[in-house]
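**Student:** Structure file start01.cif (mmCIF, C-alpha atoms and all ligand atoms) is given on the next line.
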data_query
#
loop_
_atom_site.label_atom_id
_atom_site.label_comp_id
_atom_site.auth_asym_id
_atom_site.auth_seq_id
_atom_site.Cartn_x
_atom_site.Cartn_y
_atom_site.Cartn_z
CA MET A 1 61.16 183.77 -41.90
CA SER A 2 58.28 181.36 -41.43
CA LYS A 3 58.81 178.39 -39.17
CA LYS A 4 58.88 174.82 -40.46
CA PRO A 5 56.90 171.98 -38.94
CA GLU A 6 59.15 170.21 -36.41
CA PRO A 7 58.85 166.46 -35.79
CA ASN A 8 59.51 164.96 -32.35
CA PRO A 9 63.08 165.27 -31.16
CA GLY A 10 65.03 162.28 -32.40
CA VAL A 11 62.96 161.68 -35.54
CA LEU A 12 65.41 163.33 -37.91
CA LYS A 13 68.27 161.27 -36.44
CA ILE A 14 66.52 158.05 -37.42
CA ILE A 15 68.07 156.06 -40.23
CA ALA A 16 65.04 154.71 -42.11
CA TYR A 17 64.66 150.92 -42.09
CA VAL A 18 66.07 149.39 -45.27
CA PRO A 19 63.98 146.37 -46.29
CA GLY A 20 65.65 143.39 -47.98
CA LYS A 21 66.22 143.90 -51.71
CA SER A 22 63.73 142.24 -54.01
CA ALA A 23 64.92 142.67 -57.59
CA ALA A 24 67.14 140.53 -59.79
CA PRO A 25 68.96 141.80 -62.90
CA ASP A 26 66.78 141.92 -66.03
CA GLY A 27 65.97 138.53 -67.47
CA ILE A 28 67.25 136.58 -64.45
CA LYS A 29 64.95 134.61 -62.18
CA LEU A 30 64.75 136.16 -58.74
CA ALA A 31 65.49 134.06 -55.67
CA LYS A 32 64.64 136.38 -52.80
CA LEU A 33 66.49 135.19 -49.73
CA SER A 34 66.62 138.60 -48.10
CA SER A 35 63.49 138.88 -45.96
CA ASN A 36 63.11 135.58 -44.08
CA GLU A 37 59.93 134.72 -45.94
CA SER A 38 58.78 131.10 -46.07
CA PRO A 39 60.03 129.00 -49.00
CA LEU A 40 56.80 127.00 -48.67
CA GLY A 41 54.56 130.03 -49.25
CA PRO A 42 51.22 130.41 -47.47
CA SER A 43 48.84 127.72 -46.27
CA GLN A 44 46.45 126.75 -49.08
CA ASN A 45 43.59 126.96 -46.57
CA ALA A 46 44.52 130.58 -45.91
CA VAL A 47 44.55 131.36 -49.63
CA ASN A 48 41.17 129.66 -50.17
CA SER A 49 39.59 131.59 -47.29
CA LEU A 50 40.17 134.88 -49.08
CA GLY A 51 37.27 134.25 -51.48
CA GLN A 52 34.85 135.18 -48.69
CA VAL A 53 36.48 138.57 -48.23
CA ILE A 54 36.06 139.62 -51.85
CA GLN A 55 32.26 139.59 -51.49
CA ASN A 56 32.38 142.07 -48.62
CA LEU A 57 35.01 144.63 -49.49
CA HIS A 58 32.60 147.47 -48.70
CA GLU A 59 32.41 146.46 -45.04
CA TYR A 60 34.83 147.56 -42.34
CA PRO A 61 36.70 144.70 -40.70
CA ASP A 62 35.74 143.43 -37.26
CA PRO A 63 37.46 145.96 -34.97
CA THR A 64 38.18 143.25 -32.40
CA ALA A 65 39.59 140.71 -34.92
CA ARG A 66 37.69 138.16 -32.85
CA GLN A 67 38.00 135.19 -35.27
CA LEU A 68 41.73 135.67 -35.49
CA ARG A 69 42.24 136.06 -31.74
CA GLU A 70 40.15 132.95 -31.12
CA ALA A 71 42.15 130.88 -33.60
CA ILE A 72 45.38 132.02 -31.93
CA ALA A 73 43.99 131.42 -28.44
CA GLU A 74 42.78 127.91 -29.26
CA THR A 75 46.03 126.91 -30.92
CA HIS A 76 48.22 128.17 -28.08
CA GLY A 77 45.88 127.50 -25.15
CA LEU A 78 45.49 131.18 -24.25
CA ASN A 79 42.69 133.52 -23.22
CA PRO A 80 41.67 135.56 -26.31
CA ASP A 81 41.14 138.58 -24.02
CA ASN A 82 44.90 138.70 -23.50
CA ILE A 83 45.63 138.97 -27.22
CA VAL A 84 45.70 142.05 -29.43
CA CYS A 85 46.33 141.82 -33.17
CA GLY A 86 48.16 144.30 -35.34
CA ALA A 87 49.13 145.11 -38.92
CA GLY A 88 52.28 143.05 -38.57
CA SER A 89 54.14 142.77 -35.29
CA ASP A 90 55.92 145.95 -36.40
CA GLU A 91 52.74 147.89 -35.72
CA LEU A 92 52.40 146.34 -32.28
CA LEU A 93 56.01 147.15 -31.42
CA SER A 94 55.37 150.77 -32.40
CA LEU A 95 52.20 150.90 -30.34
CA ILE A 96 54.11 149.56 -27.34
CA ALA A 97 56.80 152.22 -27.76
CA ASN A 98 54.18 154.96 -28.14
CA ALA A 99 52.24 153.78 -25.12
CA TYR A 100 55.15 153.54 -22.69
CA LEU A 101 57.82 156.00 -23.87
CA SER A 102 58.00 159.78 -23.76
CA LYS A 103 60.74 162.30 -24.26
CA GLY A 104 63.46 161.79 -21.66
CA ASP A 105 62.70 158.10 -21.19
CA GLU A 106 65.04 155.30 -22.20
CA ALA A 107 64.53 151.91 -23.80
CA VAL A 108 67.18 149.21 -24.05
CA TYR A 109 67.88 146.85 -26.93
CA SER A 110 70.70 144.53 -27.77
CA GLN A 111 73.73 145.45 -29.92
CA HIS A 112 72.76 143.46 -33.00
CA GLY A 113 69.05 143.52 -32.21
CA PHE A 114 66.28 144.06 -34.76
CA LEU A 115 66.67 147.54 -36.26
CA MET A 116 63.04 148.53 -35.86
CA TYR A 117 63.69 149.00 -32.12
CA PRO A 118 65.92 152.09 -32.32
CA ILE A 119 63.55 153.54 -34.94
CA ILE A 120 60.39 153.19 -32.88
CA ILE A 121 62.15 154.26 -29.68
CA SER A 122 63.62 157.41 -31.25
CA ALA A 123 60.29 158.28 -32.89
CA THR A 124 58.77 158.81 -29.44
CA GLY A 125 61.56 161.21 -28.42
CA ALA A 126 63.01 158.63 -26.01
CA LYS A 127 66.62 157.45 -26.03
CA ALA A 128 67.66 154.07 -27.43
CA VAL A 129 70.31 152.49 -25.19
CA VAL A 130 72.39 149.67 -26.67
CA ALA A 131 73.48 146.66 -24.57
CA ARG A 132 76.63 144.86 -25.69
CA GLU A 133 76.46 141.32 -27.02
CA ILE A 134 79.04 138.57 -26.67
CA ASP A 135 79.62 136.46 -29.81
CA CYS A 136 76.41 137.75 -31.40
CA VAL A 137 74.28 136.65 -28.43
CA ALA A 138 72.25 139.04 -26.27
CA ASN A 139 73.76 139.32 -22.81
CA VAL A 140 71.52 139.56 -19.77
CA ASP A 141 74.12 141.22 -17.54
CA ALA A 142 74.90 143.82 -20.18
CA ILE A 143 71.18 144.57 -20.60
CA LEU A 144 70.76 144.88 -16.83
CA SER A 145 73.71 147.24 -16.59
CA CYS A 146 71.84 149.59 -18.98
CA ILE A 147 68.76 149.81 -16.76
CA GLY A 148 68.35 153.14 -15.00
CA GLU A 149 65.64 155.31 -13.47
CA ARG A 150 64.48 156.40 -16.90
CA THR A 151 64.27 152.95 -18.45
CA LYS A 152 60.73 152.03 -19.44
CA ILE A 153 61.13 149.18 -21.94
CA VAL A 154 63.57 146.39 -22.80
CA PHE A 155 63.19 145.01 -26.33
CA LEU A 156 64.52 141.49 -26.81
CA ALA A 157 64.19 139.60 -30.08
CA ASN A 158 64.30 135.90 -29.18
CA PRO A 159 65.55 134.42 -31.44
CA ASN A 160 67.22 137.53 -32.74
CA ASN A 161 67.29 138.76 -36.32
CA PRO A 162 69.84 138.98 -38.03
CA THR A 163 72.08 136.80 -35.81
CA GLY A 164 69.73 133.81 -35.43
CA THR A 165 70.93 133.34 -31.84
CA TYR A 166 68.64 132.96 -28.84
CA LEU A 167 68.51 133.16 -25.08
CA PRO A 168 67.41 130.05 -23.15
CA ILE A 169 64.23 130.67 -21.15
CA GLU A 170 66.20 130.55 -17.89
CA GLU A 171 68.22 133.57 -19.04
CA VAL A 172 65.05 135.42 -20.06
CA ARG A 173 63.61 134.64 -16.62
CA ARG A 174 66.77 135.90 -14.94
CA LEU A 175 66.51 139.11 -16.96
CA HIS A 176 62.86 139.57 -16.04
CA ALA A 177 63.45 138.83 -12.35
CA ALA A 178 66.08 141.55 -12.12
CA LEU A 179 64.03 144.24 -13.91
CA PRO A 180 62.15 146.85 -11.90
CA SER A 181 58.42 146.02 -12.07
CA ASN A 182 57.64 149.24 -13.96
CA VAL A 183 59.89 148.25 -16.87
CA VAL A 184 58.11 146.45 -19.72
CA LEU A 185 59.97 143.43 -21.11
CA VAL A 186 59.02 142.97 -24.78
CA ILE A 187 59.89 139.52 -26.11
CA ASP A 188 59.71 139.62 -29.90
CA ALA A 189 59.34 135.96 -30.81
CA ALA A 190 58.93 136.35 -34.59
CA TYR A 191 60.81 133.07 -35.25
CA ALA A 192 59.59 131.06 -32.23
CA GLU A 193 57.99 128.30 -34.32
CA TYR A 194 61.30 127.44 -35.96
CA VAL A 195 63.27 126.91 -32.75
CA GLN A 196 64.11 123.28 -31.94
CA ARG A 197 65.78 123.58 -28.54
CA ASN A 198 64.64 122.14 -25.22
CA ASP A 199 65.80 125.19 -23.30
CA TYR A 200 63.82 127.65 -25.45
CA GLU A 201 60.35 129.03 -24.73
CA SER A 202 58.65 131.83 -26.61
CA GLY A 203 57.69 133.70 -23.44
CA ILE A 204 54.05 132.66 -23.02
CA GLU A 205 54.62 131.36 -19.49
CA LEU A 206 56.47 134.49 -18.48
CA VAL A 207 53.62 136.69 -19.75
CA SER A 208 51.04 134.59 -17.94
CA GLY A 209 52.47 135.21 -14.51
CA ASN A 210 53.49 138.85 -14.87
CA ASP A 211 52.04 142.30 -15.52
CA ASN A 212 55.10 143.73 -17.26
CA VAL A 213 55.87 141.24 -20.05
CA ILE A 214 54.63 141.35 -23.66
CA MET A 215 55.29 138.65 -26.23
CA THR A 216 54.86 139.56 -29.90
CA ARG A 217 54.45 137.08 -32.75
CA THR A 218 54.00 137.34 -36.49
CA PHE A 219 52.28 135.64 -39.44
CA SER A 220 54.98 136.98 -41.78
CA LYS A 221 57.58 134.31 -41.22
CA ILE A 222 56.61 130.63 -40.78
CA TYR A 223 52.97 131.24 -41.76
CA GLY A 224 54.02 132.78 -45.07
CA LEU A 225 51.54 135.68 -44.91
CA ALA A 226 53.89 138.68 -44.90
CA ALA A 227 51.83 140.47 -47.57
CA LEU A 228 48.75 140.57 -45.34
CA ARG A 229 50.58 142.23 -42.42
CA ILE A 230 49.46 140.26 -39.35
CA GLY A 231 51.01 140.16 -35.92
CA TRP A 232 49.76 139.53 -32.40
CA ALA A 233 50.76 140.39 -28.89
CA TYR A 234 50.05 138.43 -25.71
CA ALA A 235 50.14 140.33 -22.42
CA SER A 236 48.36 141.02 -19.14
CA ALA A 237 44.87 142.57 -19.24
CA GLY A 238 46.32 145.93 -18.19
CA ILE A 239 48.74 146.10 -21.11
CA ILE A 240 46.17 144.83 -23.63
CA ASP A 241 43.81 147.57 -22.46
CA VAL A 242 46.52 150.19 -23.04
CA LEU A 243 47.28 148.93 -26.56
CA ASN A 244 43.58 148.75 -27.46
CA ARG A 245 43.17 152.39 -26.48
CA ILE A 246 45.78 153.64 -28.91
CA ARG A 247 45.54 151.31 -31.90
CA GLY A 248 43.48 152.21 -34.95
CA PRO A 249 40.01 150.67 -34.60
CA PHE A 250 40.38 148.77 -37.92
CA ASN A 251 44.12 148.14 -37.81
CA VAL A 252 43.77 144.53 -38.93
CA ASN A 253 42.03 144.15 -42.29
CA SER A 254 39.40 141.54 -43.18
CA SER A 255 41.75 139.45 -45.35
CA ALA A 256 44.24 139.34 -42.51
CA ILE A 257 41.59 138.23 -40.01
CA ILE A 258 40.19 135.44 -42.17
CA ALA A 259 43.40 134.15 -43.72
CA GLY A 260 45.30 134.49 -40.46
CA ALA A 261 42.74 132.36 -38.63
CA ALA A 262 42.87 129.70 -41.37
CA ALA A 263 46.69 129.69 -41.32
CA MET A 264 46.80 129.41 -37.53
CA ARG A 265 44.59 126.30 -37.70
CA ASP A 266 46.66 124.68 -40.47
CA SER A 267 49.14 122.94 -38.21
CA PHE A 268 50.17 120.56 -41.01
CA HIS A 269 51.49 123.49 -43.04
CA VAL A 270 53.45 124.82 -40.06
CA GLN A 271 54.90 121.35 -39.42
CA SER A 272 55.98 121.10 -43.05
CA ALA A 273 57.79 124.43 -42.80
CA ILE A 274 59.53 123.27 -39.61
CA ALA A 275 60.56 119.98 -41.24
CA HIS A 276 61.92 121.83 -44.27
CA ASN A 277 63.95 124.14 -42.06
CA ASN A 278 65.21 121.29 -39.87
CA LYS A 279 66.64 119.70 -43.00
CA TRP A 280 68.09 122.72 -44.78
CA LEU A 281 69.27 125.01 -41.96
CA PRO A 282 71.97 122.53 -40.82
CA TRP A 283 72.77 121.52 -44.39
CA VAL A 284 73.44 125.06 -45.62
CA SER A 285 75.27 125.98 -42.39
CA ASN A 286 77.56 122.94 -42.67
CA GLU A 287 78.28 123.33 -46.38
CA LEU A 288 79.23 126.98 -45.95
CA THR A 289 81.39 126.18 -42.95
CA LYS A 290 83.21 123.50 -45.00
CA ILE A 291 84.23 126.08 -47.61
CA GLY A 292 85.75 128.32 -44.98
CA LEU A 293 82.92 130.72 -44.17
CA LYS A 294 81.94 131.45 -40.60
CA VAL A 295 78.26 130.94 -39.91
CA THR A 296 76.74 132.11 -36.63
CA PRO A 297 74.79 129.11 -35.22
CA SER A 298 71.13 129.88 -35.93
CA VAL A 299 67.84 128.58 -34.57
CA GLY A 300 65.74 130.58 -37.05
CA ASN A 301 65.05 130.23 -40.79
CA PHE A 302 68.08 132.30 -41.75
CA ILE A 303 71.82 132.41 -41.18
CA LEU A 304 74.39 135.12 -40.74
CA ILE A 305 77.38 134.39 -42.97
CA HIS A 306 80.67 136.12 -42.12
CA PHE A 307 83.16 136.66 -44.94
CA PRO A 308 86.87 136.23 -44.34
CA ASP A 309 88.64 139.32 -45.65
CA ASN A 310 88.51 142.37 -47.88
CA LYS A 311 89.23 140.36 -50.99
CA ARG A 312 86.52 137.80 -50.35
CA SER A 313 84.16 140.34 -48.86
CA ALA A 314 80.43 140.33 -48.21
CA GLU A 315 80.05 143.07 -50.80
CA ALA A 316 81.86 141.10 -53.49
CA ALA A 317 79.87 137.96 -52.63
CA ASP A 318 76.65 139.98 -52.79
CA ILE A 319 77.56 141.13 -56.31
CA ALA A 320 78.40 137.58 -57.43
CA LEU A 321 75.15 136.19 -56.00
CA THR A 322 72.98 139.03 -57.31
CA LYS A 323 74.31 138.52 -60.85
CA GLN A 324 72.71 135.10 -60.78
CA GLY A 325 69.48 136.28 -59.16
CA TYR A 326 70.22 135.27 -55.55
CA ILE A 327 69.39 138.18 -53.28
CA LEU A 328 70.73 137.96 -49.73
CA ARG A 329 70.57 140.66 -47.10
CA ALA A 330 73.38 143.14 -46.48
CA VAL A 331 73.64 143.73 -42.73
CA THR A 332 76.03 146.68 -42.43
CA GLY A 333 73.29 148.62 -40.63
CA TYR A 334 73.31 145.89 -37.98
CA GLY A 335 77.01 146.34 -37.35
CA PHE A 336 78.13 143.53 -39.68
CA PRO A 337 79.87 145.21 -42.63
CA ASN A 338 81.44 141.93 -43.76
CA ALA A 339 78.49 139.57 -43.44
CA LEU A 340 75.33 138.65 -45.34
CA ARG A 341 72.13 137.20 -43.97
CA MET A 342 70.63 134.38 -45.98
CA THR A 343 67.08 133.11 -45.62
CA ILE A 344 66.86 129.34 -45.93
CA GLY A 345 65.21 128.88 -49.32
CA ASN A 346 63.86 125.93 -51.25
CA GLU A 347 66.09 123.01 -52.19
CA GLU A 348 67.17 124.46 -55.52
CA GLU A 349 67.98 127.86 -54.04
CA ASN A 350 69.98 126.46 -51.12
CA ILE A 351 72.07 124.26 -53.39
CA ALA A 352 72.65 127.11 -55.83
CA VAL A 353 73.83 129.56 -53.14
CA VAL A 354 76.28 126.99 -51.77
CA LYS A 355 77.58 126.38 -55.28
CA ILE A 356 78.02 130.08 -56.07
CA LEU A 357 79.75 130.76 -52.75
CA THR A 358 82.01 127.73 -53.23
CA GLY A 359 83.21 129.25 -56.51
CA PHE A 360 83.50 132.63 -54.87
CA MET A 361 85.71 131.31 -52.07
CA LYS A 362 87.99 129.62 -54.61
CA GLY A 363 88.35 132.96 -56.32
CA GLU A 364 86.60 131.76 -59.48
CA LEU A 365 84.19 134.69 -59.47
CA ALA A 366 85.05 138.31 -59.54
C1 LIG B 401 60.27 140.01 -39.42
C2 LIG B 401 60.39 140.45 -38.02
C3 LIG B 401 59.35 141.16 -37.37
C4 LIG B 401 58.25 141.83 -38.12
O1 LIG B 401 57.29 141.11 -38.57
P1 LIG B 401 55.95 141.73 -39.16
O2 LIG B 401 54.93 140.97 -38.39
O3 LIG B 401 56.01 141.40 -40.60
O4 LIG B 401 55.86 143.19 -38.89
C5 LIG B 401 59.49 141.50 -36.04
N1 LIG B 401 60.60 141.16 -35.37
C6 LIG B 401 61.61 140.49 -35.94
C7 LIG B 401 62.80 140.16 -35.12
C8 LIG B 401 61.54 140.14 -37.27
O5 LIG B 401 62.57 139.54 -37.87
#
Translate the structure described by the file into structure tokens.
Ligand SMILES: *Cc1c(COP(=O)(O)O)cnc(C)c1O
**Tutor:**
Amino acid sequence: MSKKPEPNPGVLKIIAYVPGKSAAPDGIKLAKLSSNESPLGPSQNAVNSLGQVIQNLHEYPDPTARQLREAIAETHGLNPDNIVCGAGSDELLSLIANAYLSKGDEAVYSQHGFLMYPIIISATGAKAVVAREIDCVANVDAILSCIGERTKIVFLANPNNPTGTYLPIEEVRRLHAALPSNVVLVIDAAYAEYVQRNDYESGIELVSGNDNVIMTRTFSKIYGLAALRIGWAYASAGIIDVLNRIRGPFNVNSSAIIAGAAAMRDSFHVQSAIAHNNKWLPWVSNELTKIGLKVTPSVGNFILIHFPDNKRSAEAADIALTKQGYILRAVTGYGFPNALRMTIGNEEENIAVVKILTGFMKGELA
């Protein structure tokens, strides 16, 4: 018998990432609240900048994404040499895993952490080690108890998706201080812009003083540019050099470079998205709590809604919402079989979801 091609060990054990659903029943208007996209859409400046790209589609993009890195560096007060851009932060997370993990190594992530972590860890042949959480919050002591001789990376989403919870910067510092210096701490700060807490920091300061910390950020969430696939990582020169060696030379396309730079400079648009979230995140959380649902306190642009019992289950609520075009995110794969994650939408969508779930909790909807 002829032999079959064999992928890396671990690859066939991976459960493929299931993106949020994006279809409503025929004839019903879709309200997609399943992927944490921005209800405000993209910056108009970013959209307008795309005209320039159309004229030059025959040209390869700038392999260094210089304009984009400079816009990021200026906005955040960083050195552009310490930034590398990617096709979404997902690509950067994969590059990090590929650069630092081999078969036999281990990488740690948190119990309800972002599900791309076990996928990218397993794809390298390394072992994904899960640290327990307490009340849906990552736990520094539990993470530290998972660190062994083979540990090479700790992935921490801060804030985390799908829980919406976060670790104060002092806890992140405590975690970093206790890690061996050869272990890379990856702080995935995809929702950093939304957080309104004095004890939160995205990780920039921690990167600046250390050789083993990487912060990743994305243009897919508050910047409203998910379709263009843009992410960036900030790290020491040594780590940036490693990532530049293994990334594709044209991994960030020309539209992403130009529109990303314009979006980064449009601080008014970002402020509007923050203001919208500051209004609606507490409103939706409170309204759902009033009708007897448990909502995990969130600092992001989404909430995790826990359903009470088998009769009023997440699955039944999902069916009731979907019938009317409201698509939330099932989170069974994250260890929450009786919860749904809802992205904070526009005014109309938020009010409608509360109304549908109010009826659902009263047993008015099947
Ligand atoms: C959405 C998300 C990302 C991925 O963002 P892209 O830049 O679109 O790849 C990364 N991490 C977390 C925690 C996310 O929720």
**Student:** Taking only C-alpha atoms and all ligand atoms into account, which residues are within 6 Å of ligand LIG 401 (chain B), as a PDB file with C-alpha atoms, in the coordinates of the input?
**Tutor:**
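See selection.pdb below for the written result:
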ATOM      1  CA  GLY A  88      52.280 143.050 -38.570  1.00  0.00           C
ATOM      2  CA  SER A  89      54.140 142.770 -35.290  1.00  0.00           C
ATOM      3  CA  ASP A  90      55.920 145.950 -36.400  1.00  0.00           C
ATOM      4  CA  PHE A 114      66.280 144.060 -34.760  1.00  0.00           C
ATOM      5  CA  ALA A 157      64.190 139.600 -30.080  1.00  0.00           C
ATOM      6  CA  ASN A 160      67.220 137.530 -32.740  1.00  0.00           C
ATOM      7  CA  ASN A 161      67.290 138.760 -36.320  1.00  0.00           C
ATOM      8  CA  ASP A 188      59.710 139.620 -29.900  1.00  0.00           C
ATOM      9  CA  ALA A 190      58.930 136.350 -34.590  1.00  0.00           C
ATOM     10  CA  THR A 218      54.000 137.340 -36.490  1.00  0.00           C
ATOM     11  CA  SER A 220      54.980 136.980 -41.780  1.00  0.00           C
ATOM     12  CA  ALA A 226      53.890 138.680 -44.900  1.00  0.00           C
ATOM     13  CA  ARG A 229      50.580 142.230 -42.420  1.00  0.00           C
ATOM     14  CA  ILE A 230      49.460 140.260 -39.350  1.00  0.00           C
ATOM     15  CA  GLY A 231      51.010 140.160 -35.920  1.00  0.00           C
TER      16      GLY A 231
END
**Student:** Out of A:Ala123, A:Ile303, A:Ile239, A:Leu321, which residue has the shortest atom-to-atom distance to A:Ala24 when counting all atoms listed in the file?
**Tutor:**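 Of all the options, A:Leu321 lies closest to A:Ala24.
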**Student:** Would you mind telling me which residue in A:Ala314, A:Ile120, A:Met361, A:Ala227 lies nearest to A:Ala259 when using only C-alpha atoms?
**Tutor:**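 That would be A:Ala227, the residue with the smallest distance to A:Ala259.
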**Student:** In the coordinates of the file, take the point (66.7, 137.8, -45.3) and a cut-off of 9 Å; then, counting all atoms listed in the file, name each qualifying protein, DNA or RNA residue as an MDAnalysis selection string.
**Tutor:** chainID A and resid 20:21 32:37 162 301:303 327:330 340:344
**Student:** Scan for residues within 8 Å of the point (46.1, 135.4, -39.2) in the coordinates of the file, using all atoms listed in the file, and reply as a list in words.
**Tutor:** Leu68, Phe219, Leu225, Ile230, Gly231, Ala256, Ile257, Ile258, Ala259, Gly260, Ala261, Ala262, Ala263 and Met264 of chain A
**Student:** Could you name the residues that touch stretch 138-155 of chain A at 10 Å or less, counting all atoms listed in the file, but leaving out those on the same chain fewer than 3 positions away, as number ranges by chain?
**Tutor:** A: 93, 96-97, 100-102, 104-114, 117-118, 121, 126-135, 158-160, 163, 165-167, 171-176, 178-188, 212-214
**Student:** Write out as AutoDock Vina command-line options an axis-aligned box for stretch 201-210 of chain A: all of its atoms listed in the file, 4 Å added on each side, centre and edge lengths in Å with one decimal.
**Tutor:**
--center_x 55.7 --center_y 133.9 --center_z -20.6 --size_x 17.3 --size_y 17.8 --size_z 20.1
**Student:** Please rebuild stretch 126-133 of chain A with all heavy atoms and return the result as a PDB file, keeping the file's coordinate frame.
**Tutor:**
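rebuild21.pdb, freshly written:
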ATOM      1  N   ALA A 126      62.219 159.297 -27.059  1.00  0.00           N
ATOM      2  CA  ALA A 126      63.010 158.630 -26.010  1.00  0.00           C
ATOM      3  C   ALA A 126      64.379 158.250 -26.557  1.00  0.00           C
ATOM      4  O   ALA A 126      64.637 158.341 -27.755  1.00  0.00           O
ATOM      5  CB  ALA A 126      62.265 157.387 -25.511  1.00  0.00           C
ATOM      6  N   LYS A 127      65.248 157.797 -25.635  1.00  0.00           N
ATOM      7  CA  LYS A 127      66.620 157.450 -26.030  1.00  0.00           C
ATOM      8  C   LYS A 127      66.782 155.932 -26.136  1.00  0.00           C
ATOM      9  O   LYS A 127      66.365 155.193 -25.241  1.00  0.00           O
ATOM     10  CB  LYS A 127      67.572 158.008 -24.954  1.00  0.00           C
ATOM     11  CG  LYS A 127      69.032 157.849 -25.292  1.00  0.00           C
ATOM     12  CD  LYS A 127      69.886 158.556 -24.240  1.00  0.00           C
ATOM     13  CE  LYS A 127      71.297 157.994 -24.277  1.00  0.00           C
ATOM     14  NZ  LYS A 127      72.019 158.202 -23.039  1.00  0.00           N
ATOM     15  N   ALA A 128      67.380 155.498 -27.250  1.00  0.00           N
ATOM     16  CA  ALA A 128      67.660 154.070 -27.430  1.00  0.00           C
ATOM     17  C   ALA A 128      69.019 153.759 -26.834  1.00  0.00           C
ATOM     18  O   ALA A 128      70.028 154.338 -27.221  1.00  0.00           O
ATOM     19  CB  ALA A 128      67.632 153.719 -28.914  1.00  0.00           C
ATOM     20  N   VAL A 129      69.056 152.842 -25.864  1.00  0.00           N
ATOM     21  CA  VAL A 129      70.310 152.490 -25.190  1.00  0.00           C
ATOM     22  C   VAL A 129      70.702 151.073 -25.631  1.00  0.00           C
ATOM     23  O   VAL A 129      69.878 150.150 -25.596  1.00  0.00           O
ATOM     24  CB  VAL A 129      70.120 152.531 -23.655  1.00  0.00           C
ATOM     25  CG1 VAL A 129      71.399 152.130 -22.936  1.00  0.00           C
ATOM     26  CG2 VAL A 129      69.663 153.932 -23.226  1.00  0.00           C
ATOM     27  N   VAL A 130      71.945 150.936 -26.069  1.00  0.00           N
ATOM     28  CA  VAL A 130      72.390 149.670 -26.670  1.00  0.00           C
ATOM     29  C   VAL A 130      73.181 148.834 -25.657  1.00  0.00           C
ATOM     30  O   VAL A 130      74.165 149.300 -25.086  1.00  0.00           O
ATOM     31  CB  VAL A 130      73.307 149.946 -27.886  1.00  0.00           C
ATOM     32  CG1 VAL A 130      73.710 148.635 -28.556  1.00  0.00           C
ATOM     33  CG2 VAL A 130      72.597 150.861 -28.873  1.00  0.00           C
ATOM     34  N   ALA A 131      72.760 147.586 -25.453  1.00  0.00           N
ATOM     35  CA  ALA A 131      73.480 146.660 -24.570  1.00  0.00           C
ATOM     36  C   ALA A 131      74.403 145.782 -25.399  1.00  0.00           C
ATOM     37  O   ALA A 131      73.989 145.231 -26.415  1.00  0.00           O
ATOM     38  CB  ALA A 131      72.479 145.804 -23.795  1.00  0.00           C
ATOM     39  N   ARG A 132      75.641 145.653 -24.959  1.00  0.00           N
ATOM     40  CA  ARG A 132      76.630 144.860 -25.690  1.00  0.00           C
ATOM     41  C   ARG A 132      76.209 143.398 -25.798  1.00  0.00           C
ATOM     42  O   ARG A 132      75.562 142.855 -24.917  1.00  0.00           O
ATOM     43  CB  ARG A 132      77.960 144.866 -24.917  1.00  0.00           C
ATOM     44  CG  ARG A 132      79.010 145.821 -25.381  1.00  0.00           C
ATOM     45  CD  ARG A 132      80.256 145.682 -24.498  1.00  0.00           C
ATOM     46  NE  ARG A 132      79.938 145.329 -23.098  1.00  0.00           N
ATOM     47  CZ  ARG A 132      79.942 144.090 -22.615  1.00  0.00           C
ATOM     48  NH1 ARG A 132      80.282 143.070 -23.369  1.00  0.00           N
ATOM     49  NH2 ARG A 132      79.627 143.863 -21.350  1.00  0.00           N
ATOM     50  N   GLU A 133      76.655 142.764 -26.873  1.00  0.00           N
ATOM     51  CA  GLU A 133      76.460 141.320 -27.020  1.00  0.00           C
ATOM     52  C   GLU A 133      77.816 140.632 -26.928  1.00  0.00           C
ATOM     53  O   GLU A 133      78.852 141.275 -27.122  1.00  0.00           O
ATOM     54  CB  GLU A 133      75.817 140.993 -28.374  1.00  0.00           C
ATOM     55  CG  GLU A 133      74.406 141.537 -28.503  1.00  0.00           C
ATOM     56  CD  GLU A 133      73.685 141.089 -29.765  1.00  0.00           C
ATOM     57  OE1 GLU A 133      74.302 140.383 -30.594  1.00  0.00           O
ATOM     58  OE2 GLU A 133      72.513 141.461 -29.902  1.00  0.00           O
TER      59      GLU A 133
END
